[in-house]
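Student: To be precise about what I am sending: the file is called data.cif and holds mmCIF, C-alpha atoms.
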```cif
data_run
loop_
_atom_site.label_atom_id
_atom_site.label_comp_id
_atom_site.auth_asym_id
_atom_site.auth_seq_id
_atom_site.Cartn_x
_atom_site.Cartn_y
_atom_site.Cartn_z
CA MET K 18 0.00 0.00 0.00
CA VAL K 19 1.26 3.44 -0.89
CA ARG K 20 2.17 5.52 2.12
CA ARG K 21 2.73 9.25 2.00
CA SER K 22 3.31 11.98 4.50
CA TYR K 23 3.55 15.73 4.86
CA HIS K 24 6.27 17.12 7.06
CA VAL K 25 5.64 20.72 7.90
CA LYS K 26 8.89 22.19 9.14
CA ARG K 27 8.91 25.04 11.57
CA GLY K 28 12.13 26.59 12.80
CA GLY K 29 14.38 23.64 12.02
CA TYR K 30 12.18 20.81 13.38
CA ARG K 31 9.14 19.00 12.11
CA PHE K 32 6.00 20.77 13.24
CA PHE K 33 3.57 17.98 12.46
CA GLU K 34 3.34 14.92 10.31
CA VAL K 35 0.18 13.49 8.72
CA TYR K 36 -0.02 10.17 6.92
CA PHE K 37 -2.33 9.34 4.03
CA MET K 38 -2.76 5.89 2.59
CA GLU K 39 -3.30 6.79 -1.06
CA GLN K 40 -1.85 9.46 -3.30
CA ILE K 41 -4.96 11.26 -4.53
CA GLY K 42 -7.83 9.95 -2.41
CA PHE K 43 -9.18 7.27 -0.09
CA TRP K 44 -11.72 4.46 -0.12
CA PHE K 45 -15.05 4.91 1.62
CA LEU K 46 -17.84 2.29 1.41
CA SER K 47 -16.34 0.80 -1.77
CA HIS K 48 -16.14 4.26 -3.41
CA PHE K 49 -12.86 5.97 -4.12
CA ILE K 50 -13.15 9.59 -2.94
CA THR K 51 -10.51 12.03 -4.16
CA TYR K 52 -9.22 14.65 -1.74
CA TYR K 53 -9.82 17.36 -4.32
CA GLY K 54 -13.43 16.30 -4.92
CA LEU K 55 -14.00 16.07 -1.17
CA MET K 56 -12.62 19.57 -0.58
CA ILE K 57 -14.75 21.00 -3.42
CA VAL K 58 -17.86 19.44 -1.84
CA ILE K 59 -16.86 20.78 1.61
CA GLY K 60 -16.46 24.21 -0.03
CA ILE K 61 -19.98 23.93 -1.51
CA LEU K 62 -21.42 22.75 1.82
CA VAL K 63 -19.77 25.68 3.64
CA ASN K 64 -21.07 28.12 1.03
CA ILE K 65 -24.71 26.93 1.19
CA PRO K 66 -25.45 28.27 4.73
CA ILE K 67 -23.38 31.43 4.10
CA SER K 68 -25.29 32.24 0.91
CA TYR K 69 -28.64 31.31 2.53
CA LEU K 70 -28.01 33.71 5.41
CA GLN K 71 -26.86 36.43 3.03
CA ILE K 72 -29.98 35.98 0.84
CA LYS K 73 -32.17 36.33 3.94
CA ARG K 74 -30.16 39.32 5.14
CA PHE K 75 -30.57 41.11 1.80
CA GLY K 76 -34.22 40.03 1.30
CA LEU K 77 -33.63 38.35 -2.09
CA VAL K 78 -35.43 35.52 -3.97
CA ALA K 79 -33.90 32.08 -3.33
CA ASN K 80 -35.02 30.57 -6.69
CA ASP K 81 -33.28 33.28 -8.68
CA PHE K 82 -30.15 32.73 -6.63
CA ILE K 83 -30.22 28.97 -7.37
CA ILE K 84 -30.60 29.69 -11.11
CA ILE K 85 -27.65 32.12 -11.09
CA CYS K 86 -25.49 29.69 -9.08
CA ALA K 87 -26.27 26.66 -11.24
CA PHE K 88 -25.80 28.60 -14.48
CA SER K 89 -22.51 30.02 -13.19
CA ALA K 90 -21.32 26.57 -12.08
CA LEU K 91 -22.18 25.02 -15.45
CA LEU K 92 -20.40 27.63 -17.56
CA SER K 93 -17.49 27.85 -15.10
CA ILE K 94 -16.88 24.09 -15.31
CA ILE K 95 -17.07 24.15 -19.11
CA CYS K 96 -14.75 27.19 -19.48
CA ALA K 97 -12.29 25.94 -16.81
CA LYS K 98 -12.07 22.60 -18.60
CA ILE K 99 -11.64 24.22 -22.04
CA LEU K 100 -8.79 26.42 -20.72
CA TYR K 101 -7.19 23.38 -19.08
CA LEU K 102 -7.26 21.51 -22.39
CA ILE K 103 -5.85 24.57 -24.22
CA THR K 104 -2.98 25.05 -21.75
CA SER K 105 -2.02 21.36 -21.90
CA TYR K 106 -2.70 20.69 -25.57
CA LYS K 107 0.92 19.61 -26.11
CA TYR K 108 0.35 16.53 -23.96
CA ILE K 109 -2.94 15.47 -25.52
CA ILE K 110 -2.64 12.48 -27.82
CA PHE K 111 -5.16 13.45 -30.49
CA THR K 112 -5.12 10.02 -32.15
CA LYS K 113 -6.49 8.50 -28.92
CA LEU K 114 -9.44 10.88 -28.62
CA ASN K 115 -11.86 8.25 -29.95
CA ASP K 116 -10.79 5.95 -27.09
CA TRP K 117 -13.48 6.38 -24.40
CA SER K 118 -11.17 5.68 -21.44
CA TYR K 119 -8.58 8.23 -22.65
CA MET K 120 -11.30 10.78 -23.33
CA ASN K 121 -12.68 10.14 -19.86
CA SER K 122 -9.24 10.57 -18.25
CA LEU K 123 -8.95 13.93 -20.06
CA MET K 124 -12.33 15.01 -18.70
CA ASN K 125 -11.32 13.94 -15.17
CA GLY K 126 -7.97 15.67 -15.56
CA GLY K 127 -8.28 19.09 -13.99
CA PHE K 128 -9.49 22.65 -14.29
CA VAL K 129 -7.95 26.10 -14.68
CA PHE K 130 -9.58 28.45 -12.21
CA LEU K 131 -9.19 31.56 -14.36
CA GLY K 132 -11.23 29.85 -17.08
CA GLY K 133 -13.90 29.38 -14.44
CA ILE K 134 -13.95 33.13 -13.76
CA VAL K 135 -14.46 33.81 -17.48
CA GLY K 136 -17.35 31.30 -17.44
CA LEU K 137 -18.81 32.98 -14.37
CA LEU K 138 -18.81 36.39 -16.06
CA ILE K 139 -20.46 34.94 -19.19
CA ALA K 140 -23.11 33.26 -17.01
CA LEU K 141 -23.85 36.49 -15.14
CA TYR K 142 -24.23 38.33 -18.44
CA ILE K 143 -26.64 35.67 -19.78
CA CYS K 144 -28.72 35.69 -16.57
CA ASN K 145 -28.97 39.46 -16.67
CA LYS K 146 -29.64 39.79 -20.39
CA TYR K 147 -31.71 36.74 -21.32
CA LEU K 148 -33.28 35.38 -18.11
CA GLY K 149 -34.28 38.81 -16.82
CA ILE K 150 -32.69 38.37 -13.39
CA SER K 151 -30.98 41.40 -11.92
CA VAL K 152 -27.72 39.83 -10.78
CA GLN K 153 -26.25 42.90 -9.07
CA PRO K 154 -27.84 42.40 -5.60
CA TYR K 155 -26.99 38.69 -5.66
CA ILE K 156 -23.35 39.50 -6.46
CA GLN K 157 -23.29 42.01 -3.64
CA ALA K 158 -24.74 39.44 -1.22
CA CYS K 159 -22.82 36.32 -2.18
CA ILE K 160 -19.51 37.34 -3.75
CA ALA K 161 -17.71 36.11 -0.60
CA CYS K 162 -18.68 32.51 -1.47
CA LEU K 163 -16.31 32.55 -4.45
CA PRO K 164 -13.03 32.95 -2.50
CA PHE K 165 -14.27 30.54 0.19
CA GLY K 166 -14.91 27.82 -2.42
CA HIS K 167 -11.59 28.49 -4.12
CA ALA K 168 -9.71 28.30 -0.80
CA PHE K 169 -11.05 24.78 -0.22
CA GLY K 170 -10.04 23.82 -3.76
CA ARG K 171 -6.49 24.97 -3.04
CA ILE K 172 -6.39 22.90 0.15
CA GLY K 173 -7.42 19.96 -2.07
CA CYS K 174 -4.45 20.75 -4.35
CA PHE K 175 -2.18 20.73 -1.29
CA LEU K 176 -3.49 17.32 -0.20
CA VAL K 177 -2.97 15.84 -3.66
CA GLY K 178 0.43 17.51 -4.16
CA CYS K 179 -0.31 19.37 -7.37
CA CYS K 180 0.35 23.09 -8.03
CA TYR K 181 3.36 22.85 -5.72
CA GLY K 182 5.81 25.64 -4.85
CA ILE K 183 9.48 26.32 -5.41
CA PRO K 184 12.19 24.57 -3.37
CA TYR K 185 12.44 26.40 -0.07
CA GLU K 186 14.06 25.47 3.22
CA GLY K 187 12.69 28.12 5.51
CA TRP K 188 9.82 28.37 7.94
CA LEU K 189 6.76 26.14 7.22
CA SER K 190 8.34 24.39 4.26
CA ILE K 191 6.63 21.14 3.26
CA THR K 192 8.07 17.85 2.08
CA TYR K 193 6.16 15.19 0.17
CA THR K 194 7.65 11.78 0.79
CA ASP K 195 5.45 10.08 -1.80
CA SER K 196 3.49 12.04 -4.40
CA GLN K 197 2.36 11.44 -7.94
CA PHE K 198 2.97 15.09 -8.85
CA ALA K 199 5.28 16.94 -6.47
CA PRO K 200 9.01 16.13 -6.23
CA VAL K 201 9.52 13.77 -3.32
CA ASN K 202 11.84 14.45 -0.38
CA VAL K 203 12.35 18.07 -1.44
CA GLU K 204 11.40 20.92 0.87
CA LEU K 205 8.89 23.13 -0.97
CA PHE K 206 7.23 26.48 -0.45
CA PRO K 207 3.55 25.83 0.55
CA VAL K 208 2.16 28.05 -2.21
CA GLN K 209 -1.21 26.25 -2.21
CA LEU K 210 -1.74 26.98 1.47
CA VAL K 211 -0.65 30.61 1.08
CA GLU K 212 -3.20 31.07 -1.71
CA ALA K 213 -5.89 29.33 0.38
CA PHE K 214 -5.13 31.64 3.31
CA ILE K 215 -5.31 34.77 1.11
CA GLU K 216 -8.63 33.56 -0.34
CA LEU K 217 -10.08 32.90 3.12
CA MET K 218 -9.07 36.35 4.36
CA LEU K 219 -10.49 37.95 1.20
CA GLY K 220 -13.75 36.03 1.70
CA ILE K 221 -14.06 37.17 5.32
CA VAL K 222 -13.43 40.82 4.33
CA LEU K 223 -16.02 40.62 1.52
CA LEU K 224 -18.53 39.00 3.89
CA ILE K 225 -18.09 41.65 6.59
CA PHE K 226 -18.32 44.58 4.18
CA SER K 227 -20.98 43.07 1.87
CA LYS K 228 -23.60 45.66 2.89
CA LYS K 229 -21.22 48.54 2.17
CA LEU K 230 -19.90 47.25 -1.18
CA ARG K 231 -22.64 48.64 -3.39
CA TYR K 232 -23.24 47.91 -7.11
CA ASN K 233 -20.61 45.48 -8.44
CA SER K 234 -17.76 46.84 -6.32
CA GLY K 235 -17.49 43.57 -4.35
CA LEU K 236 -16.94 41.62 -7.57
CA TYR K 237 -14.42 44.18 -8.85
CA LEU K 238 -12.57 44.17 -5.54
CA TYR K 239 -12.35 40.38 -5.57
CA LEU K 240 -11.16 40.20 -9.18
CA LEU K 241 -8.56 42.96 -8.74
CA ILE K 242 -7.10 41.56 -5.51
CA TYR K 243 -7.18 37.99 -6.79
CA SER K 244 -5.46 38.84 -10.09
CA ILE K 245 -2.67 40.74 -8.26
CA CYS K 246 -2.15 37.97 -5.67
CA ARG K 247 -2.24 35.22 -8.27
CA PHE K 248 0.22 37.08 -10.50
CA CYS K 249 2.69 37.32 -7.59
CA LEU K 250 2.13 33.75 -6.36
CA GLU K 251 2.83 32.37 -9.83
CA PHE K 252 6.52 33.27 -9.27
CA PHE K 253 6.51 30.83 -6.34
CA ARG K 254 5.03 27.96 -8.37
CA TYR K 255 7.37 25.19 -9.46
CA ASP K 256 5.17 22.93 -11.60
CA GLU K 257 7.56 21.72 -14.26
CA ILE K 258 5.15 21.72 -17.16
CA ARG K 259 3.67 25.20 -17.45
CA SER K 260 3.07 26.82 -20.78
CA GLY K 261 3.39 30.57 -21.28
CA ILE K 262 5.08 33.38 -23.14
CA ALA K 263 8.58 34.65 -22.26
CA PHE K 264 9.02 34.64 -18.46
CA MET K 265 5.27 34.73 -17.79
CA SER K 266 3.00 31.73 -17.39
CA THR K 267 -0.44 31.47 -19.04
CA SER K 268 -2.07 32.29 -15.70
CA GLN K 269 -0.02 35.48 -15.35
CA ILE K 270 -1.02 36.63 -18.84
CA LEU K 271 -4.65 35.90 -17.95
CA CYS K 272 -4.20 37.80 -14.67
CA ILE K 273 -2.99 40.88 -16.57
CA ILE K 274 -5.95 40.64 -18.97
CA LEU K 275 -8.35 40.14 -16.04
CA PHE K 276 -6.88 43.11 -14.16
CA CYS K 277 -7.14 45.41 -17.22
CA VAL K 278 -10.71 44.35 -18.07
CA THR K 279 -11.84 44.70 -14.43
CA SER K 280 -10.21 48.13 -14.08
CA PHE K 281 -11.90 49.27 -17.29
CA CYS K 282 -15.32 48.04 -16.10
CA LEU K 283 -14.77 49.58 -12.66
CA VAL K 284 -13.98 53.01 -14.13
CA LYS K 285 -16.93 52.72 -16.54
CA ASP K 286 -19.34 51.77 -13.73
CA PHE K 287 -17.97 54.48 -11.44
CA ARG K 288 -18.54 57.16 -14.09
CA LYS K 289 -22.03 55.80 -14.83
CA ASN K 290 -23.08 55.77 -11.16
CA THR K 291 -21.70 59.20 -10.32
CA MET N 21 -39.64 21.66 -16.85
CA GLY N 22 -40.29 20.10 -13.44
CA ILE N 23 -40.50 16.60 -14.95
CA ALA N 24 -37.35 17.22 -17.03
CA SER N 25 -35.57 18.35 -13.88
CA LEU N 26 -36.71 15.22 -12.02
CA VAL N 27 -35.55 12.94 -14.85
CA LEU N 28 -32.14 14.66 -15.05
CA GLY N 29 -31.80 14.58 -11.25
CA ILE N 30 -32.51 10.82 -11.07
CA LEU N 31 -30.14 10.25 -14.00
CA SER N 32 -27.35 12.17 -12.28
CA ILE N 33 -27.85 10.16 -9.06
CA ILE N 34 -27.69 6.91 -11.05
CA LEU N 35 -24.55 8.07 -12.86
CA GLY N 36 -23.03 9.19 -9.57
CA VAL N 37 -23.67 5.98 -7.66
CA PHE N 38 -23.54 3.19 -10.22
CA THR N 39 -20.98 4.08 -12.88
CA ALA N 40 -17.97 3.80 -10.53
CA GLY N 41 -16.50 7.10 -11.60
CA THR N 42 -16.24 6.49 -15.31
CA ILE N 43 -18.66 9.24 -16.34
CA GLY N 44 -18.96 11.27 -13.14
CA TRP N 45 -18.20 14.53 -14.99
CA LEU N 46 -21.20 13.89 -17.24
CA GLY N 47 -23.39 13.24 -14.18
CA ALA N 48 -22.31 16.56 -12.65
CA ILE N 49 -23.18 18.49 -15.82
CA ILE N 50 -26.56 16.70 -16.11
CA GLY N 51 -27.24 17.42 -12.42
CA ILE N 52 -26.48 21.13 -12.82
CA ILE N 53 -28.79 21.38 -15.84
CA GLY N 54 -31.43 19.64 -13.68
CA ILE N 55 -30.90 22.25 -10.94
CA ILE N 56 -31.42 25.09 -13.45
CA LEU N 57 -34.62 23.52 -14.84
CA GLY N 58 -35.90 22.73 -11.34
CA ALA N 59 -35.34 26.27 -10.10
CA ILE N 60 -37.02 27.78 -13.18
CA ALA N 61 -39.96 25.36 -12.75
CA ARG N 62 -40.29 26.29 -9.06
CA LYS N 63 -40.23 29.96 -9.97
CA ASN N 64 -42.92 29.70 -12.68
CA ASN N 65 -45.16 27.00 -11.22
CA PRO N 66 -44.23 25.84 -7.72
CA ASN N 67 -45.26 22.19 -7.21
CA GLY N 68 -43.99 18.96 -5.72
CA ILE N 69 -42.42 17.61 -8.92
CA ALA N 70 -40.33 20.75 -9.40
CA MET N 71 -39.16 20.58 -5.79
CA ALA N 72 -38.35 16.86 -6.11
CA GLY N 73 -36.45 17.54 -9.35
CA LEU N 74 -34.44 20.29 -7.70
CA VAL N 75 -33.56 18.15 -4.66
CA CYS N 76 -32.65 15.09 -6.79
CA SER N 77 -30.47 17.23 -9.06
CA ILE N 78 -28.62 18.79 -6.11
CA ILE N 79 -28.03 15.36 -4.53
CA GLY N 80 -26.89 13.90 -7.88
CA THR N 81 -24.50 16.79 -8.53
CA ILE N 82 -22.93 16.58 -5.06
CA LEU N 83 -22.55 12.78 -5.33
CA CYS N 84 -20.84 13.09 -8.71
CA LEU N 85 -18.53 15.83 -7.46
CA LEU N 86 -17.73 13.96 -4.26
CA PHE N 87 -16.86 10.65 -5.84
CA TYR N 88 -15.31 11.52 -9.12
CA ILE N 89 -13.52 14.82 -9.50
CA ALA N 90 -9.82 14.20 -9.39
CA CYS N 91 -7.38 17.07 -9.37
CA VAL N 92 -4.72 15.59 -11.60
CA ALA N 93 -2.24 18.41 -11.07
CA CYS N 94 -4.20 21.20 -12.69
CA VAL N 95 -1.88 21.59 -15.68
CA GLY N 96 0.77 18.96 -15.19
CA GLY N 97 -1.50 15.96 -14.84
CA LEU N 98 -1.73 15.16 -18.50
CA ALA N 99 2.05 15.10 -18.71
CA VAL N 100 2.17 12.51 -15.94
CA MET N 101 -0.34 10.39 -17.85
CA ALA N 102 1.66 10.78 -21.07
CA GLN N 103 4.81 9.55 -19.29
#
```
Now that the file is in, can you turn its structure into structure tokens?

Tutor:
Amino acid sequence: MVRRSYHVKRGGYRFFEVYFMEQIGFWFLSHFITYYGLMIVIGILVNIPISYLQIKRFGLVANDFIIICAFSALLSIICAKILYLITSYKYIIFTKLNDWSYMNSLMNGGFVFLGGIVGLLIALYICNKYLGISVQPYIQACIACLPFGHAFGRIGCFLVGCCYGIPYEGWLSITYTDSQFAPVNVELFPVQLVEAFIELMLGIVLLIFSKKLRYNSGLYLYLLIYSICRFCLEFFRYDEIRSGIAFMSTSQILCIILFCVTSFCLVKDFRKNT
Amino acid sequence: MGIASLVLGILSIILGVFTAGTIGWLGAIIGIIGIILGAIARKNNPNGIAMAGLVCSIIGTILCLLFYIACVACVGGLAVMAQ
């Protein structure tokens, strides 16, 4: 049986050590549950009461909120998957695409979060334009759910060992002794946990100030802060296979585009509202 | 729409529980479409079928996500498979 561990080092000695029996998941009642899937579901389950309370607090319609959420989730999954396939097209064996098991492994492969944000924006536009639902108050009420969900996803990445950081021997470095993705027995910077922590803090701030963040300013604030943080954290990533242009990764280019588009929309909205 | 939501919800539960992960992603997409149809049906004509469709779709989607999403190293996973 495969045995793996995380050693979190703190000030020259091991802070704690946790053992997991499989590399990407565990067995429960004859079902194999992946850590990433489990963390995503925990993120959803945490977000349900938060969004419910926020909907009540703002006096909004629950059915409209469910429609917006489901539509956003659908388009986010599709766009995140499409961007994942685009960024890793070099490793796709196109001759095997008619093989169902290979096709299925591609679909189970992974997602690129920035693609999900693009999908979310498209979904919000469709809901507003074609379904006649005013999305602005729902964004104001529930924008904090987005960073909360993403933070749990990042913890899932940490558990699996993907999206790992650069070699680093300082405070809180982590070492995977057996991982399918991360280099084993190398002390790494815990970039996944840093991103999760930033997301959690951002979510708490957005939740506290949700009443004061009028119009779409909550969404703009989230997108601006996230694009800046992600751009910086990309320098601490050490995934070997990362496509990009010059010294920037694909995610950094997308962060720049996201930052510019958000800034433009923010200025446009600000002028319109004043 | 309520009946369509119920059918999609049941289908997503079946895909989630009985296909052993092979087409879990498809079950999640079907479940989400069921949630959209169920919510629209509840909004236009609230009845038991619409509510049942919505609940089944939510359960099916969560089951599919829980059992079958694997984070195969966001970008690097395919490379591992290729090796």

Student: What lies within 7 Å of stretch 34-37 of chain N using all atoms listed in the file, ignoring chain neighbours under 4 positions off, as a PyMOL selection string?

Tutor: chain N and resi 30+43-44+47+80+83-84

Student: Could you give me the centre and size, in Å to one decimal, of an axis-aligned box around all listed atoms of stretch 97-107 of chain K with 8 Å added on every side, as AutoDock Vina command-line options?

Tutor:
```
--center_x -5.7 --center_y 23.0 --center_z -21.5 --size_x 29.2 --size_y 22.8 --size_z 25.3
```

Student: Between atom CA of K:Leu219 and atom CA of K:Ile57, what is the distance, to one decimal in Å?

Tutor: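 If I compute the distance from atom CA of K:Leu219 to atom CA of K:Ile57, I get 18.1 Å.
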
Student: Could you state which residues are captured by the PyMOL selection byres ((chain N and resi 52-66) around 6) in this file, as a list of chain:residue names?

Tutor: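 Selected by the PyMOL selection byres ((chain N and resi 52-66) around 6) here: K:Asn80, K:Ile84, K:Ala87, N:Met21, N:Gly22, N:Ser25, N:Leu28, N:Gly29, N:Ile49, N:Ile50, N:Gly51, N:Asn67, N:Ala70, N:Gly73, N:Leu74, N:Ser77.
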
Student: In Å, how far is it from atom CA of K:Cys180 to atom CA of K:Phe253?

Tutor: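 Interatomic distance, atom CA of K:Cys180 to atom CA of K:Phe253: 10.0 Å.
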
Student: Taking the file as shown, find all residues satisfying the PyMOL selection byres ((chain N and resi 86) around 9) and write them as a VMD selection string.

Tutor: (chain K and resid 50 to 58) or (chain N and resid 36 81 to 85 87 to 89)

Student: Please produce a file of the residues just selected, as an mmCIF file, in the frame of the given file, where the atoms kept are C-alpha atoms.

Tutor:
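Saved as selection.cif:
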```cif
data_model
loop_
_atom_site.group_PDB
_atom_site.id
_atom_site.type_symbol
_atom_site.label_atom_id
_atom_site.label_comp_id
_atom_site.auth_asym_id
_atom_site.auth_seq_id
_atom_site.Cartn_x
_atom_site.Cartn_y
_atom_site.Cartn_z
ATOM 1 C CA ILE K 50 -13.150 9.590 -2.940
ATOM 2 C CA THR K 51 -10.510 12.030 -4.160
ATOM 3 C CA TYR K 52 -9.220 14.650 -1.740
ATOM 4 C CA TYR K 53 -9.820 17.360 -4.320
ATOM 5 C CA GLY K 54 -13.430 16.300 -4.920
ATOM 6 C CA LEU K 55 -14.000 16.070 -1.170
ATOM 7 C CA MET K 56 -12.620 19.570 -0.580
ATOM 8 C CA ILE K 57 -14.750 21.000 -3.420
ATOM 9 C CA VAL K 58 -17.860 19.440 -1.840
ATOM 10 C CA GLY N 36 -23.030 9.190 -9.570
ATOM 11 C CA THR N 81 -24.500 16.790 -8.530
ATOM 12 C CA ILE N 82 -22.930 16.580 -5.060
ATOM 13 C CA LEU N 83 -22.550 12.780 -5.330
ATOM 14 C CA CYS N 84 -20.840 13.090 -8.710
ATOM 15 C CA LEU N 85 -18.530 15.830 -7.460
ATOM 16 C CA PHE N 87 -16.860 10.650 -5.840
ATOM 17 C CA TYR N 88 -15.310 11.520 -9.120
ATOM 18 C CA ILE N 89 -13.520 14.820 -9.500
#
```

Student: If you measure from atom CA of K:Ser89 to atom CA of K:Ile156, what distance in Å do you get, rounded to one decimal?

Tutor: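 Distance between the two atoms: 11.7 Å.
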